[in-house]
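Data first, discussion second: the structure below is written as structure tokens.
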Amino acid sequence: MVVRVRLVGCGRVITMELEERPRTVGELLAGLRLAPESVVVLRNGSLVTEDEELVDGDLVEVLAACPGGIDGSVL
Amino acid sequence: MARCSRCGGRAVIRAKLSGELLCRDCFEEYFLSIAKRALSERPGLEALNGSRVLVALSGGKDSLNALYVLVALGEELGLEVEAVAVDEGISGYRDVALRAARDTSGRLGVRCAAVSFEDEYGFTVDDAARAYFSGAIGYKPCTVCGVLKRHLINRLALEMGADFVATGHNMDDEVQTLVINVLRGDLRGIAKEGAAASRVEGLVPRIKPLYYVTDRESLAFALLHGFRPSPSECPYVRLSLRYRVRLAINEMESAEPGLKLRLLRLKEELQRELSAAASVELRRCPYCGQPTPRDICRACHILREVRGAIRLS
């Protein structure tokens with residue numbers, strides 16, 4: 001396992017492990033054919049931009065920016 | 001690691017409107033400034049000063065962010081902020097969001113009223129959806145939900161003497177609405193959207209603090225304030241044209257950045273040009289008394305259809 005990826009929403013959660021590490025978040029999104037405009041990305045729990053470089057062992061969460069679908073209980 | 005264009009800190013997002021890379025603190029500043037800009041353009045800061053604003057809370061990221069910014073800007077702009085959360089009756093979806101609405105308004109010190117379709121109308125959106133799927137009514141659940149929610153919130157705002165109703169509509173919603181109206185060939189729909197903040201007796205004007213905020217920025221802002229996304233979406237959303245339009249626009253924006261902003265500008269230009277088409281004669285609905293260009297308002301028409309279908313089933 002090199003990079004763990006968790007795709008969240010709208011309506012489902014998909015987890016996967018990538019054996020080959022993409023260089024950046026942008027490359028990861030392109031590989032997953034996800035429009036950067038419709039997601040935000042957390043790397044190990046922190047919000048990052050598409051230029052962010054990935055390293056082995058990273059957990060990358062890709063969250064869909066859909067209407068609603070937010071549990072706001074911890075504001 | 002990308003650097004913040006303003007302070008050199010660690011960037012967390014690229015802002016759509018300014019194109020800047022922003023760190024957490026500068027993003028907060030940016031978010032509040034574009035919300036203030038939206039409010040200063042419509043309805044204008046003078047109109048807002050000393051006003052009572054009712055925030056329509058769904059419990060999703062956008063309406064919670066709208067509540068947050070209105071509270072954050074409240075003292076500076078002279079606002080008295082209250083909230084209302086509407087339970088449309090969508091099982092397994094709305095209950096989580098309503099808890100978020102209650103918790104958030106409580107933490108921000110804002111009084112939040114709770115109302116439900118079940119109490120107000122005697123049926124839920126789930127009931128209306130069953131009637132739609134069985135062929136008893138022609139209205140999709142999203143139409144029933146959207147029209148009745150606007151109708152109910154307007155009535156509540158009138159009853160409590162609110163000067164404005166604030167909603168969480170963001171830039172993506174605005175652009176999608178334009179494209180939907182174009183696809184439907186609805187010229188008056190395009191013109192009418194621009195008139196939403198104008199004064200019509202019996203209609204509390206709407207304000208949209210997130211007008212310049214994208215869906216993505218709204219989600220990022222919610223996350224930075226400690227929200228966690230729940231992997232749920234409205235079970236009826238995929239029936240709507242808006243759903244398909246949203247996917248298409250996001251794909252095109254990623255391939256050709258700037259498209260959303262161009263569409264937003266086009267929408268504003270069209271609304272200026274079409275303002276005459278928006279000036280339709282309004283009359284009072286004989287059933288509920290709210291203003292409408294029709295003989296019977298759309299909400300009362302939907303209520304009649306759904307109630308008839310439920311009685312028959």
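Ordering of the structure tokens sets the chain letters (A, B, ...); residue numbers start at 1 within each chain; ligands are numbered from 1 in the order shown.
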
### Message
Quick check for you: according to DSSP on this backbone, which residues of range 85-221 of chain B are classed as strand (DSSP E or B)? Reply as an MDAnalysis selection string.
### Response
chainID B and resid 85:87 112:116 164:166 200 203 206:207

### Task
Considering only C-alpha atoms, return as a PyMOL selection string whatever protein or nucleic-acid residues lie within 8 Å of Cys26 in chain B, sequence-local ones (same chain, fewer than 2 positions apart) excluded.
chain B and resi 4+6-7+22-24+28-30

Produce a file of the selected residues containing C-alpha atoms, as a PDB file, in the first residue's frame.
```pdb
ATOM      1  CA  CYS B   4      -0.715  31.847   0.406  1.00  0.00           C
ATOM      2  CA  ARG B   6      -1.319  37.210   0.766  1.00  0.00           C
ATOM      3  CA  CYS B   7       0.835  36.141   3.720  1.00  0.00           C
ATOM      4  CA  LEU B  22      -5.144  31.408   0.370  1.00  0.00           C
ATOM      5  CA  CYS B  23      -4.196  30.047   3.779  1.00  0.00           C
ATOM      6  CA  ARG B  24      -6.840  29.287   6.394  1.00  0.00           C
ATOM      7  CA  GLU B  28     -11.704  33.324   6.308  1.00  0.00           C
ATOM      8  CA  GLU B  29     -11.050  37.007   5.623  1.00  0.00           C
ATOM      9  CA  TYR B  30     -11.734  36.528   1.893  1.00  0.00           C
TER      10      TYR B  30
END
```

Pick out the residues sitting within 12 Å of Val179 in chain B, and hand them over as a tab-separated table (two decimals) with all heavy atoms, in the first residue's frame; count only C-alpha atoms, and ignore anything fewer than 2 positions along from it in its own chain.
```tsv
chain	number	residue	atom	x	y	z
B	172	ASP	N	-22.61	28.54	-7.60
B	172	ASP	CA	-22.97	27.37	-8.41
B	172	ASP	C	-24.48	27.30	-8.59
B	172	ASP	O	-24.97	27.03	-9.70
B	172	ASP	CB	-22.48	26.08	-7.74
B	172	ASP	CG	-20.99	25.91	-7.89
B	172	ASP	OD1	-20.25	26.69	-7.27
B	172	ASP	OD2	-20.56	25.02	-8.64
B	173	ASP	N	-25.24	27.56	-7.51
B	173	ASP	CA	-26.70	27.53	-7.62
B	173	ASP	C	-27.19	28.56	-8.63
B	173	ASP	O	-28.08	28.30	-9.43
B	173	ASP	CB	-27.35	27.84	-6.25
B	173	ASP	CG	-27.00	26.81	-5.21
B	173	ASP	OD1	-26.97	25.62	-5.54
B	173	ASP	OD2	-26.77	27.19	-4.04
B	174	GLU	N	-26.60	29.77	-8.56
B	174	GLU	CA	-27.03	30.86	-9.44
B	174	GLU	C	-26.77	30.51	-10.91
B	174	GLU	O	-27.61	30.72	-11.77
B	174	GLU	CB	-26.28	32.15	-9.09
B	174	GLU	CG	-26.55	32.67	-7.70
B	174	GLU	CD	-28.00	33.07	-7.49
B	174	GLU	OE1	-28.57	33.70	-8.40
B	174	GLU	OE2	-28.58	32.74	-6.43
B	175	VAL	N	-25.56	29.98	-11.16
B	175	VAL	CA	-25.18	29.63	-12.53
B	175	VAL	C	-26.05	28.48	-13.03
B	175	VAL	O	-26.53	28.48	-14.17
B	175	VAL	CB	-23.67	29.28	-12.58
B	175	VAL	CG1	-23.30	28.67	-13.91
B	175	VAL	CG2	-22.83	30.53	-12.33
B	176	GLN	N	-26.28	27.49	-12.17
B	176	GLN	CA	-27.14	26.36	-12.56
B	176	GLN	C	-28.56	26.84	-12.91
B	176	GLN	O	-29.16	26.38	-13.88
B	176	GLN	CB	-27.23	25.34	-11.42
B	176	GLN	CG	-25.96	24.53	-11.22
B	176	GLN	CD	-25.85	23.96	-9.82
B	176	GLN	OE1	-26.84	23.88	-9.08
B	176	GLN	NE2	-24.67	23.58	-9.42
B	177	THR	N	-29.07	27.77	-12.10
B	177	THR	CA	-30.43	28.27	-12.35
B	177	THR	C	-30.51	28.95	-13.71
B	177	THR	O	-31.48	28.77	-14.45
B	177	THR	CB	-30.86	29.24	-11.22
B	177	THR	OG1	-30.80	28.53	-9.99
B	177	THR	CG2	-32.28	29.75	-11.43
B	181	ASN	N	-32.86	27.61	-16.74
B	181	ASN	CA	-33.85	28.48	-17.40
B	181	ASN	C	-33.61	28.54	-18.91
B	181	ASN	O	-34.56	28.56	-19.69
B	181	ASN	CB	-33.81	29.89	-16.80
B	181	ASN	CG	-34.54	29.95	-15.46
B	181	ASN	OD1	-35.54	29.25	-15.26
B	181	ASN	ND2	-34.05	30.76	-14.55
B	182	VAL	N	-32.33	28.55	-19.32
B	182	VAL	CA	-32.01	28.55	-20.76
B	182	VAL	C	-32.50	27.24	-21.38
B	182	VAL	O	-33.15	27.23	-22.42
B	182	VAL	CB	-30.49	28.74	-20.98
B	182	VAL	CG1	-30.12	28.48	-22.44
B	182	VAL	CG2	-30.07	30.15	-20.58
B	183	LEU	N	-32.19	26.12	-20.72
B	183	LEU	CA	-32.58	24.80	-21.26
B	183	LEU	C	-34.10	24.67	-21.36
B	183	LEU	O	-34.62	23.98	-22.24
B	183	LEU	CB	-32.01	23.68	-20.39
B	183	LEU	CG	-30.48	23.53	-20.40
B	183	LEU	CD1	-30.03	22.49	-19.40
B	183	LEU	CD2	-29.98	23.18	-21.80
B	184	ARG	N	-34.80	25.33	-20.45
B	184	ARG	CA	-36.27	25.28	-20.48
B	184	ARG	C	-36.87	26.35	-21.39
B	184	ARG	O	-38.08	26.40	-21.56
B	184	ARG	CB	-36.83	25.48	-19.07
B	184	ARG	CG	-36.62	24.27	-18.19
B	184	ARG	CD	-37.27	24.48	-16.84
B	184	ARG	NE	-37.17	23.27	-16.04
B	184	ARG	CZ	-37.06	23.25	-14.72
B	184	ARG	NH1	-37.04	24.38	-14.05
B	184	ARG	NH2	-36.98	22.11	-14.06
B	185	GLY	N	-36.00	27.22	-21.90
B	185	GLY	CA	-36.49	28.32	-22.74
B	185	GLY	C	-37.33	29.30	-21.95
B	185	GLY	O	-38.25	29.92	-22.47
B	186	ASP	N	-36.99	29.48	-20.66
B	186	ASP	CA	-37.81	30.30	-19.76
B	186	ASP	C	-37.20	31.69	-19.59
B	186	ASP	O	-36.46	31.95	-18.65
B	186	ASP	CB	-37.91	29.57	-18.41
B	186	ASP	CG	-38.86	30.28	-17.45
B	186	ASP	OD1	-39.39	31.35	-17.80
B	186	ASP	OD2	-39.07	29.74	-16.35
B	187	LEU	N	-37.55	32.58	-20.51
B	187	LEU	CA	-37.01	33.94	-20.49
B	187	LEU	C	-37.42	34.68	-19.22
B	187	LEU	O	-36.63	35.37	-18.59
B	187	LEU	CB	-37.50	34.69	-21.73
B	187	LEU	CG	-36.88	36.05	-21.99
B	187	LEU	CD1	-35.40	35.93	-22.31
B	187	LEU	CD2	-37.60	36.75	-23.15
B	189	GLY	N	-38.16	33.42	-16.40
B	189	GLY	CA	-37.44	32.84	-15.26
B	189	GLY	C	-36.09	33.50	-15.07
B	189	GLY	O	-35.67	33.78	-13.95
B	190	ILE	N	-35.39	33.78	-16.19
B	190	ILE	CA	-34.08	34.45	-16.12
B	190	ILE	C	-34.26	35.85	-15.55
B	190	ILE	O	-33.54	36.27	-14.65
B	190	ILE	CB	-33.44	34.52	-17.52
B	190	ILE	CG1	-33.17	33.12	-18.06
B	190	ILE	CG2	-32.15	35.34	-17.47
B	190	ILE	CD1	-32.74	33.07	-19.51
B	241	LEU	N	-33.32	18.10	-12.92
B	241	LEU	CA	-32.49	18.59	-14.03
B	241	LEU	C	-31.24	19.26	-13.45
B	241	LEU	O	-30.14	19.18	-14.00
B	241	LEU	CB	-33.31	19.58	-14.86
B	241	LEU	CG	-32.61	20.26	-16.03
B	241	LEU	CD1	-32.06	19.25	-17.02
B	241	LEU	CD2	-33.58	21.21	-16.74
B	242	ARG	N	-31.40	19.92	-12.29
B	242	ARG	CA	-30.29	20.62	-11.66
B	242	ARG	C	-29.10	19.69	-11.41
B	242	ARG	O	-27.95	20.09	-11.55
B	242	ARG	CB	-30.76	21.25	-10.33
B	242	ARG	CG	-29.69	22.06	-9.61
B	242	ARG	CD	-30.27	22.75	-8.40
B	242	ARG	NE	-31.23	23.77	-8.74
B	242	ARG	CZ	-30.93	25.02	-9.03
B	242	ARG	NH1	-29.68	25.43	-9.00
B	242	ARG	NH2	-31.86	25.89	-9.34
B	243	TYR	N	-29.39	18.46	-11.04
B	243	TYR	CA	-28.33	17.50	-10.75
B	243	TYR	C	-27.45	17.29	-11.99
B	243	TYR	O	-26.22	17.34	-11.92
B	243	TYR	CB	-28.97	16.18	-10.30
B	243	TYR	CG	-27.98	15.08	-10.01
B	243	TYR	CD1	-27.26	15.07	-8.82
B	243	TYR	CD2	-27.76	14.06	-10.93
B	243	TYR	CE1	-26.35	14.07	-8.55
B	243	TYR	CE2	-26.85	13.06	-10.66
B	243	TYR	CZ	-26.14	13.07	-9.47
B	243	TYR	OH	-25.23	12.08	-9.22
B	244	ARG	N	-28.09	17.09	-13.13
B	244	ARG	CA	-27.33	16.84	-14.36
B	244	ARG	C	-26.60	18.11	-14.81
B	244	ARG	O	-25.47	18.06	-15.29
B	244	ARG	CB	-28.26	16.32	-15.46
B	244	ARG	CG	-28.86	14.95	-15.13
B	244	ARG	CD	-29.54	14.31	-16.31
B	244	ARG	NE	-30.75	15.01	-16.74
B	244	ARG	CZ	-31.94	14.88	-16.17
B	244	ARG	NH1	-32.08	14.06	-15.13
B	244	ARG	NH2	-32.99	15.52	-16.62
B	245	VAL	N	-27.25	19.24	-14.62
B	245	VAL	CA	-26.64	20.51	-15.01
B	245	VAL	C	-25.39	20.77	-14.14
B	245	VAL	O	-24.35	21.21	-14.64
B	245	VAL	CB	-27.67	21.67	-14.87
B	245	VAL	CG1	-27.00	23.03	-14.92
B	245	VAL	CG2	-28.72	21.56	-15.97
B	246	ARG	N	-25.49	20.48	-12.85
B	246	ARG	CA	-24.36	20.69	-11.94
B	246	ARG	C	-23.14	19.88	-12.37
B	246	ARG	O	-22.02	20.40	-12.45
B	246	ARG	CB	-24.77	20.31	-10.51
B	246	ARG	CG	-23.62	20.30	-9.52
B	246	ARG	CD	-24.11	20.37	-8.09
B	246	ARG	NE	-24.97	19.28	-7.71
B	246	ARG	CZ	-24.55	18.10	-7.24
B	246	ARG	NH1	-23.26	17.87	-7.14
B	246	ARG	NH2	-25.41	17.17	-6.91
B	248	ALA	N	-22.45	18.67	-15.33
B	248	ALA	CA	-21.93	19.14	-16.62
B	248	ALA	C	-21.13	20.43	-16.45
B	248	ALA	O	-20.03	20.58	-17.01
B	248	ALA	CB	-23.09	19.36	-17.59
B	249	ILE	N	-21.66	21.37	-15.65
B	249	ILE	CA	-20.96	22.65	-15.48
B	249	ILE	C	-19.62	22.43	-14.78
B	249	ILE	O	-18.61	23.02	-15.16
B	249	ILE	CB	-21.84	23.66	-14.70
B	249	ILE	CG1	-23.04	24.07	-15.55
B	249	ILE	CG2	-21.03	24.90	-14.31
B	249	ILE	CD1	-24.02	24.99	-14.85
B	260	LYS	N	-17.72	29.52	-15.01
B	260	LYS	CA	-18.78	29.88	-14.06
B	260	LYS	C	-18.88	31.39	-13.88
B	260	LYS	O	-19.98	31.94	-13.85
B	260	LYS	CB	-18.49	29.24	-12.68
B	260	LYS	CG	-18.85	27.78	-12.60
B	260	LYS	CD	-18.63	27.24	-11.20
B	260	LYS	CE	-18.71	25.74	-11.22
B	260	LYS	NZ	-18.38	25.13	-9.92
B	263	LEU	N	-20.54	32.89	-16.84
B	263	LEU	CA	-21.99	32.66	-16.82
B	263	LEU	C	-22.68	33.56	-15.78
B	263	LEU	O	-23.78	34.06	-16.01
B	263	LEU	CB	-22.30	31.20	-16.52
B	263	LEU	CG	-22.09	30.22	-17.68
B	263	LEU	CD1	-22.26	28.78	-17.21
B	263	LEU	CD2	-23.08	30.50	-18.82
B	264	LEU	N	-22.00	33.78	-14.66
B	264	LEU	CA	-22.57	34.65	-13.62
B	264	LEU	C	-22.71	36.09	-14.14
B	264	LEU	O	-23.73	36.74	-13.94
B	264	LEU	CB	-21.67	34.62	-12.37
B	264	LEU	CG	-22.31	35.19	-11.11
B	264	LEU	CD1	-23.38	34.25	-10.57
B	264	LEU	CD2	-21.26	35.42	-10.02
B	266	LEU	N	-22.91	36.91	-17.31
B	266	LEU	CA	-23.93	36.88	-18.36
B	266	LEU	C	-25.33	36.97	-17.73
B	266	LEU	O	-26.19	37.69	-18.22
B	266	LEU	CB	-23.81	35.60	-19.19
B	266	LEU	CG	-24.93	35.36	-20.21
B	266	LEU	CD1	-24.88	36.38	-21.33
B	266	LEU	CD2	-24.84	33.94	-20.79
B	267	LYS	N	-25.51	36.24	-16.65
B	267	LYS	CA	-26.79	36.23	-15.95
B	267	LYS	C	-27.15	37.64	-15.49
B	267	LYS	O	-28.28	38.10	-15.69
B	267	LYS	CB	-26.68	35.28	-14.75
B	267	LYS	CG	-27.82	35.33	-13.77
B	267	LYS	CD	-27.50	34.43	-12.60
B	267	LYS	CE	-28.32	34.67	-11.38
B	267	LYS	NZ	-28.27	35.92	-10.72
```

### Query
Which residues come within 6 Å of Val84 in chain B, counting only C-alpha atoms, excluding same-chain residues fewer than 6 positions away, as a ChimeraX atom specification?
/B:56-57,112-114

Export of the given selection (C-alpha atoms) as a CSV table (one decimal), in the first residue's frame:
```
chain,number,residue,atom,x,y,z
B,56,ALA,CA,-33.6,29.7,6.1
B,57,LEU,CA,-31.6,26.8,7.5
B,112,CYS,CA,-34.0,28.9,15.6
B,113,ALA,CA,-37.7,28.1,15.0
B,114,ALA,CA,-38.6,24.6,13.7
```

### Task
Extract, using only C-alpha atoms, all DNA, RNA and protein residues at most 10 Å from Cys288 in chain B, discarding same-chain residues fewer than 5 positions from it, and format them as a ChimeraX atom specification.
/B:151,155,296-297,299-300

### Query
Which neighbours of Glu27 in chain A fall inside 9 Å, counting only C-alpha atoms, when residues of the same chain fewer than 4 positions from it are skipped, and could you give them as number ranges by chain?
A: 22-23, 31-32, 50-51

Residues as selected, C-alpha atoms, written as a PDB file, in the first residue's frame, can you do that?
```pdb
ATOM      1  CA  PRO A  22       0.626   9.917  -7.942  1.00  0.00           C
ATOM      2  CA  ARG A  23       3.085  12.820  -7.565  1.00  0.00           C
ATOM      3  CA  GLY A  31      -6.179   9.641 -12.603  1.00  0.00           C
ATOM      4  CA  LEU A  32      -9.533   9.193 -10.905  1.00  0.00           C
ATOM      5  CA  GLU A  50      -3.964  20.488  -6.119  1.00  0.00           C
ATOM      6  CA  ASP A  51      -0.208  21.249  -6.083  1.00  0.00           C
TER       7      ASP A  51
END
```

### Message
What's around range 34-36 of chain A at 7 Å? Count only C-alpha atoms, leave out sequence neighbours fewer than 3 positions away in its own chain, and write the answer as a VMD selection string.
### Response
(chain A and resid 29 to 30 39) or (chain B and resid 250 to 251 254)

### Message
As an exercise, work out the distance from CA of Ala255 in chain B to CA of Lys16 in chain B in Å and give it to one decimal place.
### Response
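Distance reported for this atom pair: 14.6 Å.
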
### Task
Run DSSP on the backbone and grab whatever in range 10-163 of chain B lands in helix (DSSP H, G or I); send it over as a ChimeraX atom specification.
/B:24-41,45-48,61-77,94-107,117-121,125-133,141-160

### Message
I need the residue nearest Glu20 in chain A from this list: A:Arg33, A:Leu47, A:Asp56, A:Leu7. Use only C-alpha atoms for the distance.
### Response
A:Asp56

### Query
In Å, with one decimal, what is the gap from CA of Gly202 in chain B to CA of Leu54 in chain B?
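Separation between CA of Gly202 in chain B and CA of Leu54 in chain B: 15.4 Å.
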
### Query
What does the distance between CA of Leu148 in chain B and CA of Ala38 in chain B come to in Å, to one decimal place?
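Interatomic distance, CA of Leu148 in chain B to CA of Ala38 in chain B: 26.2 Å.
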
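Closest to chain A among B:Pro257, B:Gly74, B:Gly161, B:Gly289 is B:Pro257, based on only C-alpha atoms.
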
### Message
Just checking: using only C-alpha atoms, which residue out of A:Gly57, A:Met16, A:Ser38, A:Val48 ends up closest to Val2 in chain A?
### Response
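Of A:Gly57, A:Met16, A:Ser38, A:Val48, the one nearest Val2 in chain A is A:Gly57, counting only C-alpha atoms.
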
### Query
Which residue gives the smallest distance to Ser279 in chain B among B:Glu120, B:Glu80, B:Glu305, B:Glu193, with only C-alpha atoms counted?
B:Glu193

### Query
For Leu219 in chain B, which residue among A:Ile14, A:Val60, A:Leu42, A:Val3 is the nearest when counting only C-alpha atoms?
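Closest candidate: A:Leu42.
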
### Message
Calculated over only C-alpha atoms, which of the candidates B:Ala66, B:Leu158, B:Val204, B:Cys234 has the smallest distance to chain A?
### Response
B:Cys234
